[in-house]
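So this block is data.pdb, PDB, C-alpha atoms and all ligand atoms:
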```
ATOM      1  CA  MET A   1     189.037  82.652 -40.032  1.00  0.00           C
ATOM      2  CA  LYS A   2     188.455  80.911 -43.375  1.00  0.00           C
ATOM      3  CA  GLU A   3     184.830  80.449 -42.491  1.00  0.00           C
ATOM      4  CA  ARG A   4     184.404  84.131 -41.742  1.00  0.00           C
ATOM      5  CA  GLN A   5     186.117  85.094 -44.974  1.00  0.00           C
ATOM      6  CA  ARG A   6     183.875  82.793 -46.928  1.00  0.00           C
ATOM      7  CA  SER A   7     180.693  84.135 -45.333  1.00  0.00           C
ATOM      8  CA  GLY A   8     181.983  87.714 -45.899  1.00  0.00           C
ATOM      9  CA  ALA A   9     182.462  86.958 -49.563  1.00  0.00           C
ATOM     10  CA  SER A  10     178.988  85.506 -49.846  1.00  0.00           C
ATOM     11  CA  THR A  11     177.516  88.580 -48.087  1.00  0.00           C
ATOM     12  CA  ASP A  12     179.384  90.785 -50.555  1.00  0.00           C
ATOM     13  CA  MET A  13     177.967  88.746 -53.428  1.00  0.00           C
ATOM     14  CA  LYS A  14     174.450  89.046 -52.026  1.00  0.00           C
ATOM     15  CA  LYS A  15     174.942  92.791 -51.583  1.00  0.00           C
ATOM     16  CA  SER A  16     176.231  93.264 -55.106  1.00  0.00           C
ATOM     17  CA  LYS A  17     173.365  91.143 -56.461  1.00  0.00           C
ATOM     18  CA  SER A  18     170.828  93.262 -54.598  1.00  0.00           C
ATOM     19  CA  SER A  19     172.434  96.561 -55.673  1.00  0.00           C
ATOM     20  CA  HIS A  20     172.478  95.255 -59.250  1.00  0.00           C
ATOM     21  CA  GLN A  21     168.778  94.438 -58.863  1.00  0.00           C
ATOM     22  CA  TRP A  22     168.103  97.926 -57.420  1.00  0.00           C
ATOM     23  CA  LEU A  23     169.952  99.559 -60.314  1.00  0.00           C
ATOM     24  CA  LYS A  24     167.989  97.573 -62.878  1.00  0.00           C
ATOM     25  CA  THR A  25     164.631  98.398 -61.242  1.00  0.00           C
ATOM     26  CA  HIS A  26     165.689 102.054 -61.060  1.00  0.00           C
ATOM     27  CA  GLU A  27     166.778 102.172 -64.719  1.00  0.00           C
ATOM     28  CA  ASP A  28     163.513 100.519 -65.852  1.00  0.00           C
ATOM     29  CA  ASP A  29     161.363 102.851 -63.764  1.00  0.00           C
ATOM     30  CA  GLU A  30     158.928 104.927 -65.824  1.00  0.00           C
ATOM     31  CA  TYR A  31     159.357 108.014 -63.600  1.00  0.00           C
ATOM     32  CA  VAL A  32     163.168 107.835 -63.678  1.00  0.00           C
ATOM     33  CA  LYS A  33     162.994 107.830 -67.490  1.00  0.00           C
ATOM     34  CA  ARG A  34     160.512 110.714 -67.512  1.00  0.00           C
ATOM     35  CA  ALA A  35     162.602 112.750 -65.048  1.00  0.00           C
ATOM     36  CA  ARG A  36     165.646 112.384 -67.305  1.00  0.00           C
ATOM     37  CA  ALA A  37     163.694 113.289 -70.432  1.00  0.00           C
ATOM     38  CA  GLU A  38     161.921 116.249 -68.821  1.00  0.00           C
ATOM     39  CA  GLY A  39     164.899 117.674 -66.914  1.00  0.00           C
ATOM     40  CA  TYR A  40     163.805 116.934 -63.344  1.00  0.00           C
ATOM     41  CA  ARG A  41     166.494 116.083 -60.831  1.00  0.00           C
ATOM     42  CA  SER A  42     164.572 113.224 -59.269  1.00  0.00           C
ATOM     43  CA  ARG A  43     161.580 110.990 -59.852  1.00  0.00           C
ATOM     44  CA  ALA A  44     160.165 112.560 -56.664  1.00  0.00           C
ATOM     45  CA  SER A  45     159.122 115.583 -58.771  1.00  0.00           C
ATOM     46  CA  TYR A  46     156.220 113.504 -60.107  1.00  0.00           C
ATOM     47  CA  LYS A  47     154.924 112.862 -56.597  1.00  0.00           C
ATOM     48  CA  LEU A  48     154.642 116.595 -55.950  1.00  0.00           C
ATOM     49  CA  LEU A  49     153.153 117.200 -59.403  1.00  0.00           C
ATOM     50  CA  GLU A  50     150.432 114.640 -58.573  1.00  0.00           C
ATOM     51  CA  ILE A  51     149.869 116.104 -55.102  1.00  0.00           C
ATOM     52  CA  ASP A  52     149.508 119.568 -56.566  1.00  0.00           C
ATOM     53  CA  ALA A  53     147.231 118.395 -59.396  1.00  0.00           C
ATOM     54  CA  ARG A  54     144.911 116.861 -56.804  1.00  0.00           C
ATOM     55  CA  PHE A  55     144.984 119.592 -54.101  1.00  0.00           C
ATOM     56  CA  ASN A  56     145.830 122.732 -56.087  1.00  0.00           C
ATOM     57  CA  LEU A  57     148.270 124.002 -53.446  1.00  0.00           C
ATOM     58  CA  LEU A  58     150.910 125.971 -55.325  1.00  0.00           C
ATOM     59  CA  LYS A  59     149.896 129.475 -56.408  1.00  0.00           C
ATOM     60  CA  PRO A  60     151.950 132.237 -58.053  1.00  0.00           C
ATOM     61  CA  GLY A  61     153.663 134.414 -55.443  1.00  0.00           C
ATOM     62  CA  ALA A  62     153.410 131.837 -52.637  1.00  0.00           C
ATOM     63  CA  THR A  63     155.982 131.423 -49.850  1.00  0.00           C
ATOM     64  CA  VAL A  64     157.027 127.797 -49.495  1.00  0.00           C
ATOM     65  CA  ILE A  65     159.427 125.803 -47.287  1.00  0.00           C
ATOM     66  CA  ASP A  66     160.874 122.521 -48.585  1.00  0.00           C
ATOM     67  CA  LEU A  67     162.254 120.293 -45.799  1.00  0.00           C
ATOM     68  CA  GLY A  68     164.523 117.554 -47.156  1.00  0.00           C
ATOM     69  CA  ALA A  69     164.989 119.368 -50.464  1.00  0.00           C
ATOM     70  CA  ALA A  70     167.993 117.641 -52.087  1.00  0.00           C
ATOM     71  CA  PRO A  71     168.609 116.872 -54.891  1.00  0.00           C
ATOM     72  CA  GLY A  72     165.939 119.439 -55.766  1.00  0.00           C
ATOM     73  CA  GLY A  73     163.135 117.678 -57.655  1.00  0.00           C
ATOM     74  CA  TRP A  74     160.394 119.264 -55.515  1.00  0.00           C
ATOM     75  CA  CYS A  75     162.134 122.659 -55.598  1.00  0.00           C
ATOM     76  CA  GLN A  76     162.034 122.589 -59.404  1.00  0.00           C
ATOM     77  CA  VAL A  77     158.283 121.944 -59.375  1.00  0.00           C
ATOM     78  CA  VAL A  78     157.634 124.612 -56.727  1.00  0.00           C
ATOM     79  CA  ILE A  79     159.633 127.280 -58.569  1.00  0.00           C
ATOM     80  CA  GLU A  80     157.756 126.557 -61.820  1.00  0.00           C
ATOM     81  CA  LYS A  81     154.447 127.084 -60.030  1.00  0.00           C
ATOM     82  CA  ILE A  82     155.126 130.019 -57.684  1.00  0.00           C
ATOM     83  CA  GLY A  83     157.027 132.041 -60.304  1.00  0.00           C
ATOM     84  CA  PRO A  84     159.409 134.954 -59.764  1.00  0.00           C
ATOM     85  CA  GLN A  85     157.175 136.657 -57.177  1.00  0.00           C
ATOM     86  CA  GLY A  86     157.237 133.574 -54.943  1.00  0.00           C
ATOM     87  CA  THR A  87     159.710 132.627 -52.198  1.00  0.00           C
ATOM     88  CA  LEU A  88     161.157 129.159 -51.722  1.00  0.00           C
ATOM     89  CA  ILE A  89     163.528 128.124 -48.959  1.00  0.00           C
ATOM     90  CA  GLY A  90     164.880 124.570 -48.909  1.00  0.00           C
ATOM     91  CA  ILE A  91     166.933 122.728 -46.317  1.00  0.00           C
ATOM     92  CA  ASP A  92     168.768 119.412 -46.463  1.00  0.00           C
ATOM     93  CA  LEU A  93     171.574 117.500 -44.767  1.00  0.00           C
ATOM     94  CA  LEU A  94     173.112 117.051 -48.203  1.00  0.00           C
ATOM     95  CA  GLU A  95     174.489 119.597 -50.630  1.00  0.00           C
ATOM     96  CA  MET A  96     172.206 120.728 -53.416  1.00  0.00           C
ATOM     97  CA  GLU A  97     173.212 122.170 -56.785  1.00  0.00           C
ATOM     98  CA  PRO A  98     171.803 125.713 -56.864  1.00  0.00           C
ATOM     99  CA  ILE A  99     168.418 126.352 -58.491  1.00  0.00           C
ATOM    100  CA  PRO A 100     167.686 129.948 -59.510  1.00  0.00           C
ATOM    101  CA  GLY A 101     165.202 131.502 -57.100  1.00  0.00           C
ATOM    102  CA  VAL A 102     165.748 128.950 -54.309  1.00  0.00           C
ATOM    103  CA  THR A 103     167.401 129.872 -51.003  1.00  0.00           C
ATOM    104  CA  PHE A 104     169.106 126.732 -49.785  1.00  0.00           C
ATOM    105  CA  ILE A 105     170.401 125.933 -46.301  1.00  0.00           C
ATOM    106  CA  GLN A 106     172.592 122.891 -45.826  1.00  0.00           C
ATOM    107  CA  GLY A 107     172.132 121.396 -42.384  1.00  0.00           C
ATOM    108  CA  ASP A 108     170.137 119.157 -40.098  1.00  0.00           C
ATOM    109  CA  PHE A 109     166.596 120.408 -39.653  1.00  0.00           C
ATOM    110  CA  THR A 110     166.457 118.756 -36.211  1.00  0.00           C
ATOM    111  CA  GLU A 111     169.398 120.834 -34.922  1.00  0.00           C
ATOM    112  CA  ALA A 112     169.196 124.328 -33.491  1.00  0.00           C
ATOM    113  CA  ASP A 113     171.591 126.171 -35.820  1.00  0.00           C
ATOM    114  CA  PRO A 114     170.141 125.281 -39.233  1.00  0.00           C
ATOM    115  CA  PHE A 115     166.636 125.609 -37.778  1.00  0.00           C
ATOM    116  CA  GLU A 116     167.428 129.172 -36.630  1.00  0.00           C
ATOM    117  CA  LYS A 117     168.898 129.953 -40.069  1.00  0.00           C
ATOM    118  CA  LEU A 118     165.660 128.774 -41.647  1.00  0.00           C
ATOM    119  CA  LEU A 119     163.592 131.032 -39.391  1.00  0.00           C
ATOM    120  CA  ALA A 120     165.987 133.945 -39.980  1.00  0.00           C
ATOM    121  CA  SER A 121     165.770 133.633 -43.759  1.00  0.00           C
ATOM    122  CA  LEU A 122     161.992 133.937 -43.482  1.00  0.00           C
ATOM    123  CA  ASP A 123     162.410 137.205 -41.624  1.00  0.00           C
ATOM    124  CA  GLY A 124     158.884 136.979 -40.170  1.00  0.00           C
ATOM    125  CA  ARG A 125     157.232 136.429 -43.563  1.00  0.00           C
ATOM    126  CA  PRO A 126     154.126 134.233 -43.161  1.00  0.00           C
ATOM    127  CA  VAL A 127     154.408 130.922 -44.990  1.00  0.00           C
ATOM    128  CA  ASP A 128     151.712 129.513 -47.286  1.00  0.00           C
ATOM    129  CA  LEU A 129     152.997 125.944 -47.506  1.00  0.00           C
ATOM    130  CA  VAL A 130     155.417 123.686 -45.640  1.00  0.00           C
ATOM    131  CA  PHE A 131     156.504 120.535 -47.480  1.00  0.00           C
ATOM    132  CA  SER A 132     158.508 117.724 -45.959  1.00  0.00           C
ATOM    133  CA  ASP A 133     159.803 114.896 -48.110  1.00  0.00           C
ATOM    134  CA  MET A 134     162.399 114.114 -45.404  1.00  0.00           C
ATOM    135  CA  ALA A 135     163.203 110.486 -44.794  1.00  0.00           C
ATOM    136  CA  PRO A 136     165.768 109.186 -42.312  1.00  0.00           C
ATOM    137  CA  ASN A 137     168.606 106.987 -43.513  1.00  0.00           C
ATOM    138  CA  LEU A 138     166.915 103.613 -43.384  1.00  0.00           C
ATOM    139  CA  SER A 139     168.576 100.919 -41.269  1.00  0.00           C
ATOM    140  CA  GLY A 140     166.157  98.280 -42.523  1.00  0.00           C
ATOM    141  CA  VAL A 141     165.019  97.634 -38.931  1.00  0.00           C
ATOM    142  CA  LYS A 142     161.380  98.689 -38.707  1.00  0.00           C
ATOM    143  CA  ASN A 143     161.483  99.390 -34.947  1.00  0.00           C
ATOM    144  CA  ILE A 144     164.275 101.897 -35.500  1.00  0.00           C
ATOM    145  CA  ASP A 145     163.209 103.435 -38.817  1.00  0.00           C
ATOM    146  CA  GLN A 146     159.523 103.994 -38.002  1.00  0.00           C
ATOM    147  CA  PRO A 147     160.044 106.163 -34.865  1.00  0.00           C
ATOM    148  CA  ARG A 148     162.813 108.128 -36.620  1.00  0.00           C
ATOM    149  CA  ALA A 149     160.523 108.893 -39.530  1.00  0.00           C
ATOM    150  CA  ALA A 150     157.636 109.778 -37.189  1.00  0.00           C
ATOM    151  CA  HIS A 151     159.938 112.119 -35.237  1.00  0.00           C
ATOM    152  CA  LEU A 152     160.789 114.058 -38.410  1.00  0.00           C
ATOM    153  CA  VAL A 153     157.082 114.466 -39.145  1.00  0.00           C
ATOM    154  CA  GLU A 154     156.337 115.661 -35.604  1.00  0.00           C
ATOM    155  CA  LEU A 155     159.102 118.267 -35.847  1.00  0.00           C
ATOM    156  CA  SER A 156     157.701 119.384 -39.209  1.00  0.00           C
ATOM    157  CA  ILE A 157     154.233 119.784 -37.649  1.00  0.00           C
ATOM    158  CA  ASP A 158     155.743 121.910 -34.829  1.00  0.00           C
ATOM    159  CA  PHE A 159     157.685 123.982 -37.328  1.00  0.00           C
ATOM    160  CA  ALA A 160     154.564 124.564 -39.429  1.00  0.00           C
ATOM    161  CA  ASP A 161     152.769 125.723 -36.249  1.00  0.00           C
ATOM    162  CA  GLN A 162     155.379 128.460 -35.901  1.00  0.00           C
ATOM    163  CA  VAL A 163     155.484 129.730 -39.466  1.00  0.00           C
ATOM    164  CA  LEU A 164     152.235 129.031 -41.327  1.00  0.00           C
ATOM    165  CA  ARG A 165     149.673 131.714 -41.991  1.00  0.00           C
ATOM    166  CA  PRO A 166     146.092 130.823 -41.043  1.00  0.00           C
ATOM    167  CA  GLY A 167     144.660 128.877 -43.973  1.00  0.00           C
ATOM    168  CA  GLY A 168     148.103 127.549 -45.002  1.00  0.00           C
ATOM    169  CA  GLY A 169     149.005 123.935 -45.751  1.00  0.00           C
ATOM    170  CA  LEU A 170     151.398 121.156 -44.702  1.00  0.00           C
ATOM    171  CA  VAL A 171     152.409 118.108 -46.744  1.00  0.00           C
ATOM    172  CA  CYS A 172     154.588 115.459 -45.038  1.00  0.00           C
ATOM    173  CA  LYS A 173     155.950 112.163 -46.193  1.00  0.00           C
ATOM    174  CA  CYS A 174     154.870 109.526 -43.627  1.00  0.00           C
ATOM    175  CA  PHE A 175     155.143 105.769 -43.365  1.00  0.00           C
ATOM    176  CA  GLU A 176     152.246 103.473 -42.491  1.00  0.00           C
ATOM    177  CA  GLY A 177     152.948 101.820 -39.135  1.00  0.00           C
ATOM    178  CA  ASP A 178     153.393 102.722 -35.472  1.00  0.00           C
ATOM    179  CA  GLY A 179     152.792 106.378 -34.688  1.00  0.00           C
ATOM    180  CA  ILE A 180     150.851 107.234 -37.838  1.00  0.00           C
ATOM    181  CA  GLN A 181     147.493 107.447 -35.977  1.00  0.00           C
ATOM    182  CA  GLU A 182     148.964 109.962 -33.511  1.00  0.00           C
ATOM    183  CA  ILE A 183     150.339 111.991 -36.414  1.00  0.00           C
ATOM    184  CA  ARG A 184     146.932 112.005 -38.124  1.00  0.00           C
ATOM    185  CA  GLN A 185     145.390 113.193 -34.857  1.00  0.00           C
ATOM    186  CA  GLN A 186     147.895 116.040 -34.610  1.00  0.00           C
ATOM    187  CA  TYR A 187     147.084 117.027 -38.185  1.00  0.00           C
ATOM    188  CA  ARG A 188     143.331 116.946 -37.545  1.00  0.00           C
ATOM    189  CA  ALA A 189     143.729 119.264 -34.555  1.00  0.00           C
ATOM    190  CA  ARG A 190     145.306 121.904 -36.777  1.00  0.00           C
ATOM    191  CA  TYR A 191     144.005 121.528 -40.324  1.00  0.00           C
ATOM    192  CA  GLY A 192     140.437 121.859 -41.580  1.00  0.00           C
ATOM    193  CA  THR A 193     141.016 119.149 -44.205  1.00  0.00           C
ATOM    194  CA  VAL A 194     143.387 116.206 -43.799  1.00  0.00           C
ATOM    195  CA  VAL A 195     143.839 113.615 -46.556  1.00  0.00           C
ATOM    196  CA  ASN A 196     146.156 110.591 -46.923  1.00  0.00           C
ATOM    197  CA  PHE A 197     147.489 110.576 -50.437  1.00  0.00           C
ATOM    198  CA  LYS A 198     149.556 107.923 -52.167  1.00  0.00           C
ATOM    199  CA  PRO A 199     150.798 109.292 -55.505  1.00  0.00           C
ATOM    200  CA  LYS A 200     151.132 106.831 -58.404  1.00  0.00           C
ATOM    201  CA  ALA A 201     154.828 107.783 -58.525  1.00  0.00           C
ATOM    202  CA  SER A 202     155.221 106.395 -54.980  1.00  0.00           C
ATOM    203  CA  ARG A 203     156.370 102.799 -55.348  1.00  0.00           C
ATOM    204  CA  ASP A 204     153.599 100.268 -54.611  1.00  0.00           C
ATOM    205  CA  LYS A 205     155.652  98.220 -52.188  1.00  0.00           C
ATOM    206  CA  SER A 206     156.714 101.279 -50.175  1.00  0.00           C
ATOM    207  CA  ARG A 207     154.738 102.104 -47.007  1.00  0.00           C
ATOM    208  CA  GLU A 208     155.195 105.769 -47.893  1.00  0.00           C
ATOM    209  CA  LEU A 209     152.219 108.074 -48.110  1.00  0.00           C
ATOM    210  CA  TYR A 210     151.744 111.828 -47.915  1.00  0.00           C
ATOM    211  CA  LEU A 211     149.546 113.520 -45.349  1.00  0.00           C
ATOM    212  CA  VAL A 212     148.062 116.655 -46.835  1.00  0.00           C
ATOM    213  CA  GLY A 213     146.691 119.202 -44.374  1.00  0.00           C
ATOM    214  CA  GLN A 214     144.909 122.291 -45.680  1.00  0.00           C
ATOM    215  CA  ASN A 215     143.307 125.275 -44.032  1.00  0.00           C
ATOM    216  CA  PHE A 216     145.626 125.604 -41.037  1.00  0.00           C
ATOM    217  CA  SER A 217     143.931 127.017 -37.971  1.00  0.00           C
ATOM    218  CA  ASP A 218     146.037 128.871 -35.464  1.00  0.00           C
ATOM    219  CA  THR A 219     144.166 127.815 -32.314  1.00  0.00           C
ATOM    220  CA  ASP A 220     146.248 126.529 -29.445  1.00  0.00           C
ATOM    221  CA  THR A 221     143.294 124.855 -27.706  1.00  0.00           C
ATOM    222  CA  ASN A 222     142.943 122.300 -30.492  1.00  0.00           C
ATOM    223  CA  ARG A 223     146.632 121.498 -30.321  1.00  0.00           C
ATOM    224  CA  ILE A 224     146.721 121.001 -26.582  1.00  0.00           C
ATOM    225  CA  GLU A 225     143.782 118.607 -26.864  1.00  0.00           C
ATOM    226  CA  SER A 226     145.613 116.597 -29.535  1.00  0.00           C
ATOM    227  CA  ARG A 227     148.594 115.854 -27.281  1.00  0.00           C
TER
HETATM  228  N1  LIG B 301     162.080 115.967 -52.325  1.00  0.00           N
HETATM  229  C1  LIG B 301     163.431 115.683 -52.775  1.00  0.00           C
HETATM  230  C2  LIG B 301     163.484 115.825 -54.260  1.00  0.00           C
HETATM  231  O1  LIG B 301     162.417 115.955 -54.881  1.00  0.00           O
HETATM  232  O2  LIG B 301     164.586 115.839 -54.824  1.00  0.00           O
HETATM  233  C3  LIG B 301     163.871 114.284 -52.341  1.00  0.00           C
HETATM  234  C4  LIG B 301     164.039 114.198 -50.865  1.00  0.00           C
HETATM  235  S1  LIG B 301     164.787 112.695 -50.328  1.00  0.00           S
HETATM  236  C5  LIG B 301     163.492 111.542 -50.497  1.00  0.00           C
HETATM  237  C6  LIG B 301     164.847 112.902 -48.583  1.00  0.00           C
HETATM  238  C7  LIG B 301     165.843 113.942 -48.149  1.00  0.00           C
HETATM  239  O3  LIG B 301     165.635 114.216 -46.750  1.00  0.00           O
HETATM  240  C8  LIG B 301     167.305 113.491 -48.271  1.00  0.00           C
HETATM  241  O4  LIG B 301     167.993 114.314 -49.179  1.00  0.00           O
HETATM  242  C9  LIG B 301     167.858 113.633 -46.850  1.00  0.00           C
HETATM  243  O5  LIG B 301     169.173 114.128 -46.809  1.00  0.00           O
HETATM  244  C10 LIG B 301     166.876 114.631 -46.246  1.00  0.00           C
HETATM  245  N2  LIG B 301     166.857 114.613 -44.776  1.00  0.00           N
HETATM  246  C11 LIG B 301     166.639 113.558 -43.956  1.00  0.00           C
HETATM  247  N3  LIG B 301     166.727 113.921 -42.670  1.00  0.00           N
HETATM  248  C12 LIG B 301     166.976 115.264 -42.667  1.00  0.00           C
HETATM  249  C13 LIG B 301     167.195 116.211 -41.639  1.00  0.00           C
HETATM  250  N4  LIG B 301     167.173 115.858 -40.342  1.00  0.00           N
HETATM  251  N5  LIG B 301     167.447 117.493 -41.972  1.00  0.00           N
HETATM  252  C14 LIG B 301     167.503 117.860 -43.285  1.00  0.00           C
HETATM  253  N6  LIG B 301     167.308 116.994 -44.308  1.00  0.00           N
HETATM  254  C15 LIG B 301     167.055 115.708 -44.014  1.00  0.00           C
END
```

Full structure transcribed into C-alpha cells:
Amino acid sequence: MKERQRSGASTDMKKSKSSHQWLKTHEDDEYVKRARAEGYRSRASYKLLEIDARFNLLKPGATVIDLGAAPGGWCQVVIEKIGPQGTLIGIDLLEMEPIPGVTFIQGDFTEADPFEKLLASLDGRPVDLVFSDMAPNLSGVKNIDQPRAAHLVELSIDFADQVLRPGGGLVCKCFEGDGIQEIRQQYRARYGTVVNFKPKASRDKSRELYLVGQNFSDTDTNRIESR
C-alpha cells in the first residue's frame, strides 16, 4: 500500500512537472503571443493564414465548412476572408463562443445526427472548401492514435465527396505514419493538385502536416480505383 502511494505521488510529481513544462513552452511560443496580441482565439489561426497565403483558397463569397472548429481560430480567419457574402458552417465536439457570421453545430462529426444537421444547414448549397483541423484526443499510444486520426481524415474525404462543387478544395490535418500513403492516394484520385504542407506555425516536433487538395473532380471511376 505504502509503495503504491509513493509511486502515485511520484507519478503526480512527474505529471505536474510535465504540465508545468508544457505551460512554459506554450507561454513562450511566438504564435501564442501573436494570437493574444492580434485577437485570434488560437495559435492555429496562423497555420490557416500560411496555408491560404500559399494556396490562395479563400475568396470573398465562398461557402466553407470547418470540421473541428473550436475554439474558433480558423473560423476567424475564414470569416475575414470570405466576408459578409460568404457562408461558414463549423462543427465541433466542444462548445464554441459565437462568432458573427458563423453557423456552429456542437456534436460529433462521426455520428449520424450532427452529420445530418451539417448537411441540412447547407440546404443543397455547393461547397467551395472543406477544412478539417480535427484531431482525436491523444492517448499517447501511437498504434491507437494514428488509426483514429486517419479515420477522421477518411470521413472528411467522404464528406467532401458529397458536398464539394467540382473544382473545390479540401484541407485536412494528417499525421505522418501508418495510413498516410492510403490517404494521399485517396486525395490524388479526387483532386487535380495534392500538396503536403507543413506550416511554420506547426510545431517542429509534431508529426502533423496538412494535405491540401485543389480542383476536386466529381468522377466516381477515379474514386473506385483508389479503394
Ligand atoms: N482549428 C481550430 C482553431 O483554429 O481554433 C482548432 C481545432 S483543434 C486542433 C481540434 C478540434 O477537433 C478539437 O476542438 C476537437 O474537439 C475537434 N474534434 C475532434 N474529433 C472531433 C469529432 N469527431 N467531431 C467534431 N469535432 C472533433

Q: Give me the residues within 9 Å of stretch 105-108 of chain A as a PyMOL selection string, counting only C-alpha atoms and dropping any in the same chain fewer than 5 places off.
A: chain A and resi 89-96+113-115+117-118

Q.
Nearest residue to A:Asp128 out of A:Pro98, A:Gly177, A:Gly61, A:Gly68, using all atoms listed in the file?
A.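 Comparing A:Pro98, A:Gly177, A:Gly61, A:Gly68 against A:Asp128, the winner is A:Gly61.
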
Q.
With all atoms listed in the file as the counted atoms, please give the residues lying no more than 12 Å from A:Lys198, apart from itself and same-chain residues fewer than 2 positions off, as a list in words.
A.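 The residues satisfying every condition are Tyr46, Lys47, Leu48, Glu50, Ile51, Arg54, Val171, Cys172, Lys173, Cys174, Phe175, Glu176, Val195, Asn196, Lys200, Ala201, Ser202, Arg203, Asp204, Lys205, Ser206, Arg207, Glu208, Leu209, Tyr210, Leu211 and Val212 of chain A.
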
Q: List the residues selected by the PyMOL selection byres (((not hetatm)) within 8 of (chain B and resi 301)) in the file shown, writing them as a PyMOL selection string.
A: chain A and resi 41-45+48+66-75+91-94+106-111+132-137+152

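Interatomic distance, atom CA of A:Ala112 to atom CA of A:Ile79: 27.0 Å.
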
Q) Please, what distance in Å, to one decimal, runs between atom CA of A:Leu49 and atom CA of A:Leu129? A)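 Separating atom CA of A:Leu49 from atom CA of A:Leu129 is a distance of 14.8 Å.
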
Expected file content for stretch 170-201 of chain A, C-alpha atoms, as a PDB file, in the first residue's frame:
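In the end it all went to out_33.pdb:
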```pdb
ATOM      1  CA  LEU A 170     -10.124  20.027 -49.168  1.00  0.00           C
ATOM      2  CA  VAL A 171      -7.550  20.715 -46.450  1.00  0.00           C
ATOM      3  CA  CYS A 172      -7.087  18.069 -43.719  1.00  0.00           C
ATOM      4  CA  LYS A 173      -4.777  17.836 -40.775  1.00  0.00           C
ATOM      5  CA  CYS A 174      -2.939  14.481 -41.038  1.00  0.00           C
ATOM      6  CA  PHE A 175      -0.159  12.788 -39.124  1.00  0.00           C
ATOM      7  CA  GLU A 176       2.872  11.170 -40.744  1.00  0.00           C
ATOM      8  CA  GLY A 177       2.765   7.420 -40.098  1.00  0.00           C
ATOM      9  CA  ASP A 178       0.647   4.376 -40.921  1.00  0.00           C
ATOM     10  CA  GLY A 179      -2.219   5.072 -43.295  1.00  0.00           C
ATOM     11  CA  ILE A 180      -0.909   8.355 -44.683  1.00  0.00           C
ATOM     12  CA  GLN A 181       0.035   6.802 -48.071  1.00  0.00           C
ATOM     13  CA  GLU A 182      -3.511   5.457 -48.498  1.00  0.00           C
ATOM     14  CA  ILE A 183      -4.906   8.882 -47.628  1.00  0.00           C
ATOM     15  CA  ARG A 184      -2.637  10.549 -50.198  1.00  0.00           C
ATOM     16  CA  GLN A 185      -3.844   8.028 -52.776  1.00  0.00           C
ATOM     17  CA  GLN A 186      -7.474   8.833 -51.989  1.00  0.00           C
ATOM     18  CA  TYR A 187      -6.708  12.531 -52.374  1.00  0.00           C
ATOM     19  CA  ARG A 188      -4.937  12.001 -55.703  1.00  0.00           C
ATOM     20  CA  ALA A 189      -7.947  10.123 -57.075  1.00  0.00           C
ATOM     21  CA  ARG A 190     -10.151  13.149 -56.460  1.00  0.00           C
ATOM     22  CA  TYR A 191      -8.055  16.310 -56.642  1.00  0.00           C
ATOM     23  CA  GLY A 192      -6.103  17.684 -59.595  1.00  0.00           C
ATOM     24  CA  THR A 193      -3.393  19.050 -57.280  1.00  0.00           C
ATOM     25  CA  VAL A 194      -2.378  17.487 -53.967  1.00  0.00           C
ATOM     26  CA  VAL A 195       0.344  19.025 -51.788  1.00  0.00           C
ATOM     27  CA  ASN A 196       1.699  18.145 -48.318  1.00  0.00           C
ATOM     28  CA  PHE A 197       2.154  21.349 -46.409  1.00  0.00           C
ATOM     29  CA  LYS A 198       3.775  21.876 -43.033  1.00  0.00           C
ATOM     30  CA  PRO A 199       3.114  25.452 -41.878  1.00  0.00           C
ATOM     31  CA  LYS A 200       5.837  27.174 -39.830  1.00  0.00           C
ATOM     32  CA  ALA A 201       3.233  27.561 -37.064  1.00  0.00           C
TER      33      ALA A 201
END
```
